[in-house]
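Heads up, model34.pdb below (PDB, C-alpha atoms):
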```pdb
ATOM      1  CA  MET Y   1     -21.401 -10.270  -7.228  1.00  0.00           C
ATOM      2  CA  PRO Y   2     -21.596  -7.661 -10.011  1.00  0.00           C
ATOM      3  CA  ASP Y   3     -19.538  -8.153 -13.122  1.00  0.00           C
ATOM      4  CA  LEU Y   4     -16.239  -6.432 -12.328  1.00  0.00           C
ATOM      5  CA  LYS Y   5     -14.264  -5.755 -15.477  1.00  0.00           C
ATOM      6  CA  LEU Y   6     -10.515  -5.581 -15.399  1.00  0.00           C
ATOM      7  CA  THR Y   7      -9.263  -2.316 -16.857  1.00  0.00           C
ATOM      8  CA  ARG Y   8      -5.639  -1.520 -17.502  1.00  0.00           C
ATOM      9  CA  ALA Y   9      -4.007   1.801 -18.210  1.00  0.00           C
ATOM     10  CA  THR Y  10      -0.332   2.598 -17.967  1.00  0.00           C
ATOM     11  CA  SER Y  11       0.426   4.927 -15.087  1.00  0.00           C
ATOM     12  CA  THR Y  12       2.401   8.089 -15.815  1.00  0.00           C
ATOM     13  CA  LEU Y  13       3.644  10.972 -13.759  1.00  0.00           C
ATOM     14  CA  SER Y  14       1.020  13.670 -14.257  1.00  0.00           C
ATOM     15  CA  ALA Y  15       1.212  17.433 -14.176  1.00  0.00           C
ATOM     16  CA  THR Y  16       2.065  19.336 -10.994  1.00  0.00           C
ATOM     17  CA  VAL Y  17      -0.460  18.732  -8.226  1.00  0.00           C
ATOM     18  CA  LEU Y  18      -0.403  19.699  -4.553  1.00  0.00           C
ATOM     19  CA  PHE Y  19      -0.962  17.083  -1.845  1.00  0.00           C
ATOM     20  CA  GLY Y  20      -3.186  19.247   0.358  1.00  0.00           C
ATOM     21  CA  ALA Y  21      -2.878  22.848   1.359  1.00  0.00           C
ATOM     22  CA  SER Y  22      -0.760  21.882   4.371  1.00  0.00           C
ATOM     23  CA  LEU Y  23       2.164  20.941   2.149  1.00  0.00           C
ATOM     24  CA  ALA Y  24       2.074  24.266   0.346  1.00  0.00           C
ATOM     25  CA  ALA Y  25       1.964  26.097   3.667  1.00  0.00           C
ATOM     26  CA  ALA Y  26       4.838  24.085   5.086  1.00  0.00           C
ATOM     27  CA  VAL Y  27       7.161  24.298   2.069  1.00  0.00           C
ATOM     28  CA  PRO Y  28       5.860  27.027  -0.278  1.00  0.00           C
ATOM     29  CA  SER Y  29       9.200  27.291  -2.058  1.00  0.00           C
ATOM     30  CA  GLN Y  30       8.864  23.674  -3.183  1.00  0.00           C
ATOM     31  CA  ALA Y  31       5.260  23.877  -4.376  1.00  0.00           C
ATOM     32  CA  ALA Y  32       6.248  24.072  -8.041  1.00  0.00           C
ATOM     33  CA  GLU Y  33       8.277  20.882  -7.750  1.00  0.00           C
ATOM     34  CA  VAL Y  34       5.475  18.674  -6.507  1.00  0.00           C
ATOM     35  CA  ALA Y  35       4.128  16.006  -8.885  1.00  0.00           C
ATOM     36  CA  SER Y  36       1.430  13.359  -8.601  1.00  0.00           C
ATOM     37  CA  ILE Y  37       1.688   9.591  -8.884  1.00  0.00           C
ATOM     38  CA  GLY Y  38      -1.123   7.500 -10.311  1.00  0.00           C
ATOM     39  CA  GLY Y  39      -3.759  10.151  -9.797  1.00  0.00           C
ATOM     40  CA  GLY Y  40      -2.939  10.718  -6.175  1.00  0.00           C
ATOM     41  CA  VAL Y  41      -0.062  11.375  -3.843  1.00  0.00           C
ATOM     42  CA  ALA Y  42       2.485  14.124  -4.242  1.00  0.00           C
ATOM     43  CA  PHE Y  43       6.197  14.249  -3.568  1.00  0.00           C
ATOM     44  CA  SER Y  44       8.909  16.863  -3.761  1.00  0.00           C
ATOM     45  CA  SER Y  45      11.665  16.239  -6.261  1.00  0.00           C
ATOM     46  CA  THR Y  46      14.137  18.046  -3.994  1.00  0.00           C
ATOM     47  CA  GLN Y  47      13.768  15.230  -1.446  1.00  0.00           C
ATOM     48  CA  ARG Y  48      14.476  12.370  -3.861  1.00  0.00           C
ATOM     49  CA  THR Y  49      17.484  10.112  -3.649  1.00  0.00           C
ATOM     50  CA  PRO Y  50      18.649   8.116  -6.683  1.00  0.00           C
ATOM     51  CA  ALA Y  51      16.090   5.343  -7.044  1.00  0.00           C
ATOM     52  CA  PRO Y  52      14.300   5.102 -10.397  1.00  0.00           C
ATOM     53  CA  ARG Y  53      10.564   4.686 -10.595  1.00  0.00           C
ATOM     54  CA  PRO Y  54       9.771   1.211 -11.960  1.00  0.00           C
ATOM     55  CA  ALA Y  55       7.191   0.590 -14.658  1.00  0.00           C
ATOM     56  CA  ILE Y  56       3.729   0.606 -13.062  1.00  0.00           C
ATOM     57  CA  ILE Y  57       0.363  -0.200 -14.627  1.00  0.00           C
ATOM     58  CA  TYR Y  58      -2.329   1.969 -13.059  1.00  0.00           C
ATOM     59  CA  ASP Y  59      -5.426  -0.222 -12.752  1.00  0.00           C
ATOM     60  CA  PRO Y  60      -7.650   1.344 -10.074  1.00  0.00           C
ATOM     61  CA  ILE Y  61     -10.357  -0.499  -8.195  1.00  0.00           C
ATOM     62  CA  PRO Y  62     -13.663   1.341  -7.600  1.00  0.00           C
ATOM     63  CA  TYR Y  63     -13.035   3.773  -4.751  1.00  0.00           C
ATOM     64  CA  GLY Y  64     -15.867   6.285  -4.901  1.00  0.00           C
ATOM     65  CA  ALA Y  65     -17.665   8.406  -2.338  1.00  0.00           C
ATOM     66  CA  LYS Y  66     -19.299   5.444  -0.562  1.00  0.00           C
ATOM     67  CA  ARG Y  67     -16.037   3.560  -0.056  1.00  0.00           C
ATOM     68  CA  LYS Y  68     -14.293   6.763   1.034  1.00  0.00           C
ATOM     69  CA  ALA Y  69     -16.993   7.302   3.655  1.00  0.00           C
ATOM     70  CA  GLN Y  70     -16.555   3.711   4.847  1.00  0.00           C
ATOM     71  CA  MET Y  71     -12.797   4.193   5.106  1.00  0.00           C
ATOM     72  CA  ALA Y  72     -13.249   7.440   7.025  1.00  0.00           C
ATOM     73  CA  ALA Y  73     -15.640   5.738   9.463  1.00  0.00           C
ATOM     74  CA  TYR Y  74     -13.174   2.861   9.931  1.00  0.00           C
ATOM     75  CA  SER Y  75     -10.395   5.362  10.574  1.00  0.00           C
ATOM     76  CA  LYS Y  76     -12.508   7.124  13.193  1.00  0.00           C
ATOM     77  CA  ARG Y  77     -13.273   3.865  15.013  1.00  0.00           C
ATOM     78  CA  HIS Y  78      -9.730   2.528  14.936  1.00  0.00           C
ATOM     79  CA  TYR Y  79      -7.473   5.612  14.853  1.00  0.00           C
ATOM     80  CA  GLY Y  80      -9.669   8.387  16.256  1.00  0.00           C
ATOM     81  CA  VAL Y  81      -9.578  10.521  13.101  1.00  0.00           C
ATOM     82  CA  ARG Y  82     -12.391  10.536  10.560  1.00  0.00           C
ATOM     83  CA  SER Y  83     -10.556  10.625   7.233  1.00  0.00           C
ATOM     84  CA  HIS Y  84      -9.998   8.513   4.148  1.00  0.00           C
ATOM     85  CA  ALA Y  85      -6.913  10.552   3.245  1.00  0.00           C
ATOM     86  CA  PHE Y  86      -3.462   9.004   3.376  1.00  0.00           C
ATOM     87  CA  GLY Y  87      -0.514  11.254   4.115  1.00  0.00           C
ATOM     88  CA  PRO Y  88       3.185  10.551   3.534  1.00  0.00           C
ATOM     89  CA  PRO Y  89       3.713   6.946   4.694  1.00  0.00           C
ATOM     90  CA  LYS Y  90       6.129   5.913   7.409  1.00  0.00           C
ATOM     91  CA  GLN Y  91       6.334   2.231   6.482  1.00  0.00           C
ATOM     92  CA  VAL Y  92       5.985  -0.217   3.618  1.00  0.00           C
ATOM     93  CA  LEU Y  93       3.970  -3.339   4.457  1.00  0.00           C
ATOM     94  CA  LEU Y  94       4.505  -6.598   2.521  1.00  0.00           C
ATOM     95  CA  HIS Y  95       1.733  -9.181   2.006  1.00  0.00           C
ATOM     96  CA  PHE Y  96       0.930 -12.095  -0.257  1.00  0.00           C
ATOM     97  CA  THR Y  97      -2.519 -12.547  -1.739  1.00  0.00           C
ATOM     98  CA  VAL Y  98      -3.558 -16.204  -1.251  1.00  0.00           C
ATOM     99  CA  THR Y  99      -5.039 -15.871  -4.760  1.00  0.00           C
ATOM    100  CA  ARG Y 100      -3.851 -17.576  -7.942  1.00  0.00           C
ATOM    101  CA  ASN Y 101      -3.383 -14.595 -10.238  1.00  0.00           C
ATOM    102  CA  TYR Y 102      -3.668 -10.856 -10.578  1.00  0.00           C
ATOM    103  CA  PRO Y 103      -7.214 -10.674 -12.075  1.00  0.00           C
ATOM    104  CA  SER Y 104      -8.674 -12.626  -9.134  1.00  0.00           C
ATOM    105  CA  THR Y 105      -6.820 -10.310  -6.744  1.00  0.00           C
ATOM    106  CA  TRP Y 106      -8.231  -7.248  -8.503  1.00  0.00           C
ATOM    107  CA  ARG Y 107     -11.776  -8.618  -8.331  1.00  0.00           C
ATOM    108  CA  TRP Y 108     -11.376  -9.462  -4.638  1.00  0.00           C
ATOM    109  CA  MET Y 109     -10.282  -5.937  -3.770  1.00  0.00           C
ATOM    110  CA  ALA Y 110     -12.821  -4.299  -6.064  1.00  0.00           C
ATOM    111  CA  ALA Y 111     -15.689  -6.236  -4.468  1.00  0.00           C
ATOM    112  CA  ASN Y 112     -15.366  -4.231  -1.230  1.00  0.00           C
ATOM    113  CA  SER Y 113     -16.602  -7.128   0.895  1.00  0.00           C
ATOM    114  CA  ALA Y 114     -16.746  -6.591   4.654  1.00  0.00           C
ATOM    115  CA  SER Y 115     -13.995  -8.373   6.576  1.00  0.00           C
ATOM    116  CA  PRO Y 116     -12.941  -8.752  10.225  1.00  0.00           C
ATOM    117  CA  GLY Y 117      -9.676  -8.005  11.969  1.00  0.00           C
ATOM    118  CA  ASN Y 118      -8.264 -10.732  14.196  1.00  0.00           C
ATOM    119  CA  VAL Y 119     -10.338 -13.834  14.876  1.00  0.00           C
ATOM    120  CA  GLY Y 120     -13.456 -13.007  16.880  1.00  0.00           C
ATOM    121  CA  THR Y 121     -13.924  -9.458  15.630  1.00  0.00           C
ATOM    122  CA  LYS Y 122     -16.926  -8.418  13.585  1.00  0.00           C
ATOM    123  CA  LYS Y 123     -16.796  -7.822   9.848  1.00  0.00           C
ATOM    124  CA  GLU Y 124     -16.520  -4.197   8.783  1.00  0.00           C
ATOM    125  CA  LYS Y 125     -16.299  -2.210   5.602  1.00  0.00           C
ATOM    126  CA  PRO Y 126     -14.461  -1.087   3.613  1.00  0.00           C
ATOM    127  CA  GLY Y 127     -13.104  -4.286   2.154  1.00  0.00           C
ATOM    128  CA  ALA Y 128      -9.453  -5.134   1.745  1.00  0.00           C
ATOM    129  CA  CYS Y 129      -7.182  -3.306  -0.660  1.00  0.00           C
ATOM    130  CA  THR Y 130      -3.533  -2.524  -1.112  1.00  0.00           C
ATOM    131  CA  HIS Y 131      -1.982   0.261  -3.119  1.00  0.00           C
ATOM    132  CA  PHE Y 132       0.110  -2.138  -5.214  1.00  0.00           C
ATOM    133  CA  VAL Y 133      -0.030  -5.746  -6.402  1.00  0.00           C
ATOM    134  CA  ILE Y 134       2.917  -7.524  -8.012  1.00  0.00           C
ATOM    135  CA  GLY Y 135       2.251 -10.465 -10.323  1.00  0.00           C
ATOM    136  CA  LYS Y 136       4.363 -13.605 -10.463  1.00  0.00           C
ATOM    137  CA  ASN Y 137       5.921 -12.362 -13.703  1.00  0.00           C
ATOM    138  CA  GLY Y 138       7.075  -9.135 -12.034  1.00  0.00           C
ATOM    139  CA  THR Y 139       4.385  -6.816 -13.399  1.00  0.00           C
ATOM    140  CA  ILE Y 140       3.568  -4.044 -10.924  1.00  0.00           C
ATOM    141  CA  TYR Y 141      -0.028  -2.817 -10.707  1.00  0.00           C
ATOM    142  CA  GLN Y 142      -1.292   0.167  -8.747  1.00  0.00           C
ATOM    143  CA  LEU Y 143      -4.879  -0.266  -7.531  1.00  0.00           C
ATOM    144  CA  ALA Y 144      -5.382   2.914  -5.530  1.00  0.00           C
ATOM    145  CA  PRO Y 145      -3.823   6.381  -5.582  1.00  0.00           C
ATOM    146  CA  LEU Y 146      -1.412   6.987  -2.752  1.00  0.00           C
ATOM    147  CA  ASN Y 147      -3.457   9.786  -1.242  1.00  0.00           C
ATOM    148  CA  LEU Y 148      -6.207   7.281  -0.330  1.00  0.00           C
ATOM    149  CA  MET Y 149      -5.973   5.006   2.699  1.00  0.00           C
ATOM    150  CA  CYS Y 150      -6.257   1.301   1.898  1.00  0.00           C
ATOM    151  CA  ARG Y 151      -7.394  -1.254   4.440  1.00  0.00           C
ATOM    152  CA  HIS Y 152      -4.736  -3.979   4.419  1.00  0.00           C
ATOM    153  CA  VAL Y 153      -3.343  -4.261   7.957  1.00  0.00           C
ATOM    154  CA  VAL Y 154      -4.757  -3.757  11.440  1.00  0.00           C
ATOM    155  CA  GLY Y 155      -3.208  -0.823  13.262  1.00  0.00           C
ATOM    156  CA  LEU Y 156      -1.171   0.596  10.385  1.00  0.00           C
ATOM    157  CA  ASN Y 157      -3.527   1.472   7.532  1.00  0.00           C
ATOM    158  CA  HIS Y 158      -2.938   5.150   8.319  1.00  0.00           C
ATOM    159  CA  GLN Y 159       0.848   4.726   8.264  1.00  0.00           C
ATOM    160  CA  ALA Y 160       1.854   2.086   5.710  1.00  0.00           C
ATOM    161  CA  VAL Y 161       1.782   1.631   1.944  1.00  0.00           C
ATOM    162  CA  GLY Y 162       0.491  -1.869   1.204  1.00  0.00           C
ATOM    163  CA  ILE Y 163       2.092  -4.160  -1.385  1.00  0.00           C
ATOM    164  CA  GLU Y 164       0.589  -7.558  -2.227  1.00  0.00           C
ATOM    165  CA  PHE Y 165       2.543 -10.241  -4.081  1.00  0.00           C
ATOM    166  CA  VAL Y 166       0.503 -12.846  -5.954  1.00  0.00           C
ATOM    167  CA  GLU Y 167       1.238 -16.076  -4.076  1.00  0.00           C
ATOM    168  CA  MET Y 168      -0.805 -18.829  -2.467  1.00  0.00           C
ATOM    169  CA  LYS Y 169       1.341 -20.303   0.312  1.00  0.00           C
ATOM    170  CA  SER Y 170       4.620 -18.698   1.347  1.00  0.00           C
ATOM    171  CA  SER Y 171       6.696 -15.559   0.934  1.00  0.00           C
ATOM    172  CA  GLN Y 172       9.667 -17.877   0.409  1.00  0.00           C
ATOM    173  CA  ASN Y 173       8.174 -18.694  -2.988  1.00  0.00           C
ATOM    174  CA  ILE Y 174       8.204 -14.976  -3.802  1.00  0.00           C
ATOM    175  CA  LEU Y 175      11.868 -14.742  -2.869  1.00  0.00           C
ATOM    176  CA  ASN Y 176      12.549 -17.681  -5.179  1.00  0.00           C
ATOM    177  CA  ARG Y 177      10.867 -15.968  -8.176  1.00  0.00           C
ATOM    178  CA  THR Y 178      13.541 -13.614  -9.432  1.00  0.00           C
ATOM    179  CA  ARG Y 179      11.288 -11.355 -11.524  1.00  0.00           C
ATOM    180  CA  GLN Y 180       8.646 -10.966  -8.814  1.00  0.00           C
ATOM    181  CA  ARG Y 181      11.180 -10.409  -6.030  1.00  0.00           C
ATOM    182  CA  VAL Y 182      13.254  -7.905  -8.005  1.00  0.00           C
ATOM    183  CA  ALA Y 183      10.126  -6.000  -9.087  1.00  0.00           C
ATOM    184  CA  GLY Y 184       9.100  -5.746  -5.444  1.00  0.00           C
ATOM    185  CA  GLN Y 185      12.528  -4.526  -4.415  1.00  0.00           C
ATOM    186  CA  ASN Y 186      12.546  -1.946  -7.212  1.00  0.00           C
ATOM    187  CA  LEU Y 187       9.137  -0.654  -6.124  1.00  0.00           C
ATOM    188  CA  VAL Y 188      10.166  -0.530  -2.471  1.00  0.00           C
ATOM    189  CA  ARG Y 189      13.420   1.310  -3.261  1.00  0.00           C
ATOM    190  CA  TRP Y 190      11.450   3.929  -5.155  1.00  0.00           C
ATOM    191  CA  LEU Y 191       8.958   4.336  -2.288  1.00  0.00           C
ATOM    192  CA  GLN Y 192      11.851   4.572   0.156  1.00  0.00           C
ATOM    193  CA  SER Y 193      13.447   7.337  -1.863  1.00  0.00           C
ATOM    194  CA  GLU Y 194      10.203   9.276  -2.216  1.00  0.00           C
ATOM    195  CA  TYR Y 195       9.307   9.163   1.471  1.00  0.00           C
ATOM    196  CA  ALA Y 196      12.639   8.648   3.255  1.00  0.00           C
ATOM    197  CA  ILE Y 197      11.536   5.230   4.534  1.00  0.00           C
ATOM    198  CA  SER Y 198      14.343   3.272   6.177  1.00  0.00           C
ATOM    199  CA  LYS Y 199      15.095  -0.412   5.605  1.00  0.00           C
ATOM    200  CA  ALA Y 200      13.881  -1.147   9.148  1.00  0.00           C
ATOM    201  CA  ASN Y 201      10.479   0.292   8.235  1.00  0.00           C
ATOM    202  CA  VAL Y 202       9.930  -2.152   5.389  1.00  0.00           C
ATOM    203  CA  ILE Y 203       8.109  -4.912   7.249  1.00  0.00           C
ATOM    204  CA  GLY Y 204       5.933  -7.958   6.703  1.00  0.00           C
ATOM    205  CA  HIS Y 205       2.337  -8.479   7.789  1.00  0.00           C
ATOM    206  CA  ALA Y 206       3.558 -10.935  10.444  1.00  0.00           C
ATOM    207  CA  MET Y 207       5.664  -8.123  11.952  1.00  0.00           C
ATOM    208  CA  ALA Y 208       2.952  -5.451  12.079  1.00  0.00           C
ATOM    209  CA  ASN Y 209       1.977  -5.784  15.749  1.00  0.00           C
ATOM    210  CA  SER Y 210       5.552  -4.971  16.777  1.00  0.00           C
ATOM    211  CA  SER Y 211       5.738  -1.791  14.685  1.00  0.00           C
ATOM    212  CA  PRO Y 212       6.411   1.382  16.705  1.00  0.00           C
ATOM    213  CA  TYR Y 213       3.577   2.974  14.717  1.00  0.00           C
ATOM    214  CA  PHE Y 214       1.019   0.259  15.513  1.00  0.00           C
ATOM    215  CA  PHE Y 215      -2.194   1.622  17.054  1.00  0.00           C
ATOM    216  CA  ASP Y 216      -5.782   0.428  17.273  1.00  0.00           C
ATOM    217  CA  ARG Y 217      -8.360   1.988  19.582  1.00  0.00           C
ATOM    218  CA  LEU Y 218     -10.494  -1.158  19.668  1.00  0.00           C
ATOM    219  CA  GLY Y 219      -7.694  -3.515  20.644  1.00  0.00           C
ATOM    220  CA  TRP Y 220      -7.612  -5.297  17.284  1.00  0.00           C
ATOM    221  CA  TYR Y 221      -4.373  -6.960  16.260  1.00  0.00           C
ATOM    222  CA  ASN Y 222      -2.945  -8.905  13.319  1.00  0.00           C
ATOM    223  CA  ASP Y 223      -3.065 -12.692  13.350  1.00  0.00           C
ATOM    224  CA  HIS Y 224      -1.550 -13.204   9.886  1.00  0.00           C
ATOM    225  CA  ALA Y 225       1.713 -15.060   9.357  1.00  0.00           C
ATOM    226  CA  ASP Y 226       2.630 -13.831   5.858  1.00  0.00           C
ATOM    227  CA  TRP Y 227       6.096 -12.358   5.417  1.00  0.00           C
ATOM    228  CA  PRO Y 228       7.764 -13.365   8.694  1.00  0.00           C
ATOM    229  CA  THR Y 229      10.908 -11.595   9.831  1.00  0.00           C
ATOM    230  CA  ARG Y 230      13.360 -14.090   8.289  1.00  0.00           C
ATOM    231  CA  HIS Y 231      11.826 -13.644   4.833  1.00  0.00           C
ATOM    232  CA  VAL Y 232      11.685  -9.859   5.166  1.00  0.00           C
ATOM    233  CA  LYS Y 233      15.376  -9.792   6.108  1.00  0.00           C
ATOM    234  CA  ALA Y 234      16.174 -11.662   2.907  1.00  0.00           C
ATOM    235  CA  PHE Y 235      13.997  -9.271   0.879  1.00  0.00           C
ATOM    236  CA  ARG Y 236      15.675  -6.242   2.498  1.00  0.00           C
ATOM    237  CA  GLN Y 237      19.029  -7.255   1.002  1.00  0.00           C
ATOM    238  CA  GLY Y 238      17.861  -5.699  -2.259  1.00  0.00           C
ATOM    239  CA  ILE Y 239      16.528  -2.371  -0.953  1.00  0.00           C
ATOM    240  CA  LEU Y 240      17.934   0.918   0.381  1.00  0.00           C
ATOM    241  CA  GLU Y 241      19.228   1.451   3.895  1.00  0.00           C
TER     242      GLU Y 241
END
```

Written as C-alpha cells, that's how I'd like the structure from this file.
Amino acid sequence: MPDLKLTRATSTLSATVLFGASLAAAVPSQAAEVASIGGGVAFSSTQRTPAPRPAIIYDPIPYGAKRKAQMAAYSKRHYGVRSHAFGPPKQVLLHFTVTRNYPSTWRWMAANSASPGNVGTKKEKPGACTHFVIGKNGTIYQLAPLNLMCRHVVGLNHQAVGIEFVEMKSSQNILNRTRQRVAGQNLVRWLQSEYAISKANVIGHAMANSSPYFFDRLGWYNDHADWPTRHVKAFRQGILE
C-alpha cells in the first residue's frame, strides 16, 4: 500500500457556489443565497431551520478522476444512472468503523480497495468511504465533499449521507460515550436542518434494506448488523423531528 499521509485542515463555509445549473434554474431567486460546505454541496439559507453547524475538520481522502469514474460505473450498474454526483440527500445513514482510531479509518477509506456487497458478491471499486467520521473524543471529520457520492451502503449510496463512528464492536458503546454521541447528534441535526431530513430518515446500516429509498438493480442487499433499530431509536432522542 502506498504511504497515505494524514492531512488536516479546518473546514469553513466558503464563498457562494451553485450546486449544479438545475438548482439555479429551479430557484433563481435563491441563487445568491447558496453556499458550499467543505468544498462541495450547496444549500439555501432560506430553507434552514435553527440547528447550528458543529465544528468540522475537513480532511479529504483522495477522490480524483479515476475514483469518480469508478463511482459513476458503480452507480450505473446498481442504480441505472452513470454519475458520481450526489444530490440533496434523503436520509442519514449511521455506521461504526470496526477500526481502532480515526487515522486507521482515514487510511482504509483512502486506500480505495475493492470490496463486495453482501456475502457471495464480487469485489468492486470504488472502495468504501463515508462523508463523515466521528472520533471517540467527539471530533468530527469530513472526508468527502457532499456533492460526491460515497460508497458506504448497498442500495442507498445515491440517497444517504454516510456517518461513521470510530468503534470496534457495538453502537451501544457509542451511545455510552457522551462526547461521541452528542457530536453525532449535533452533526445529524445540522444535516436535518439543511436538507429537511426527518427523524424517521435517520437510520442505521442494519435498517437499510427496509428503507423506502432502497434500490439495487443487481439484487445486492446489506448483511451488516451495525446500528440496529433499538440503538438508532436511542440516538434519535437527541435529534430533530

| said: When you count all atoms listed in the file, which of these residues is closest to His84 of chain Y: Y:Gly117, Y:Pro52, Y:Thr99, Y:Pro145? | reply: Y:Pro145

Check which residues satisfy the PyMOL selection byres ((chain Y and resi 172) around 12) in the file shown, then give them as a compact mmCIF listing (two decimals) with C-alpha atoms, keeping the file's coordinate frame.
```txt
# COMPACT_ATOMS: atom_id res chain seq x y z
CA HIS Y 95 1.73 -9.18 2.01
CA PHE Y 96 0.93 -12.10 -0.26
CA PHE Y 165 2.54 -10.24 -4.08
CA GLU Y 167 1.24 -16.08 -4.08
CA MET Y 168 -0.80 -18.83 -2.47
CA LYS Y 169 1.34 -20.30 0.31
CA SER Y 170 4.62 -18.70 1.35
CA SER Y 171 6.70 -15.56 0.93
CA ASN Y 173 8.17 -18.69 -2.99
CA ILE Y 174 8.20 -14.98 -3.80
CA LEU Y 175 11.87 -14.74 -2.87
CA ASN Y 176 12.55 -17.68 -5.18
CA ARG Y 177 10.87 -15.97 -8.18
CA THR Y 178 13.54 -13.61 -9.43
CA GLN Y 180 8.65 -10.97 -8.81
CA ARG Y 181 11.18 -10.41 -6.03
CA ASP Y 226 2.63 -13.83 5.86
CA TRP Y 227 6.10 -12.36 5.42
CA PRO Y 228 7.76 -13.36 8.69
CA THR Y 229 10.91 -11.60 9.83
CA ARG Y 230 13.36 -14.09 8.29
CA HIS Y 231 11.83 -13.64 4.83
CA VAL Y 232 11.68 -9.86 5.17
CA LYS Y 233 15.38 -9.79 6.11
CA ALA Y 234 16.17 -11.66 2.91
CA PHE Y 235 14.00 -9.27 0.88
```

| task | Give me the result of the PyMOL selection byres ((chain Y and resi 104-114) around 10) on this file, residue by residue, as a VMD selection string. | result | chain Y and resid 1 to 7 59 to 63 67 97 to 103 115 to 116 122 to 130 133 135 141 143 151 164 to 166

Given the file shown, enumerate the residues that the PyMOL selection byres ((chain Y and resi 240) around 9) captures and present them as a PDB file with C-alpha atoms, keeping the file's coordinate frame.
```pdb
ATOM      1  CA  ALA Y  51      16.090   5.343  -7.044  1.00  0.00           C
ATOM      2  CA  VAL Y 188      10.166  -0.530  -2.471  1.00  0.00           C
ATOM      3  CA  ARG Y 189      13.420   1.310  -3.261  1.00  0.00           C
ATOM      4  CA  GLN Y 192      11.851   4.572   0.156  1.00  0.00           C
ATOM      5  CA  SER Y 193      13.447   7.337  -1.863  1.00  0.00           C
ATOM      6  CA  ILE Y 197      11.536   5.230   4.534  1.00  0.00           C
ATOM      7  CA  SER Y 198      14.343   3.272   6.177  1.00  0.00           C
ATOM      8  CA  LYS Y 199      15.095  -0.412   5.605  1.00  0.00           C
ATOM      9  CA  ARG Y 236      15.675  -6.242   2.498  1.00  0.00           C
ATOM     10  CA  GLN Y 237      19.029  -7.255   1.002  1.00  0.00           C
ATOM     11  CA  GLY Y 238      17.861  -5.699  -2.259  1.00  0.00           C
ATOM     12  CA  ILE Y 239      16.528  -2.371  -0.953  1.00  0.00           C
ATOM     13  CA  GLU Y 241      19.228   1.451   3.895  1.00  0.00           C
TER      14      GLU Y 241
END
```

| Residue nearest Val202 of chain Y - candidates Y:Asn147, Y:Asn222, Y:Gln91, Y:Ser75, atoms counted: only C-alpha atoms |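 Ranked by minimum distance to Val202 of chain Y, first place goes to Y:Gln91.
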
| So what do you get for atom CA of Tyr213 of chain Y versus atom CA of Phe132 of chain Y, distance-wise? |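 Separation between atom CA of Tyr213 of chain Y and atom CA of Phe132 of chain Y: 20.9 Å.
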
| Between atom CA of Asn157 of chain Y and atom CA of Gln70 of chain Y - distance in Å to one decimal | 13.5 Å

| request: Kindly give the distance, in Å, that separates atom CA of Val92 of chain Y and atom CA of Ile163 of chain Y, rounded to a single decimal. | output: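 Distance reported for this atom pair: 7.5 Å.
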
| said: I need the residue nearest Tyr74 of chain Y from this list: Y:Met149, Y:Ala208, Y:Ile56, Y:Ala225. Use only C-alpha atoms for the distance. | reply: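 When distances to Tyr74 of chain Y are compared using only C-alpha atoms, the smallest one comes from Y:Met149.
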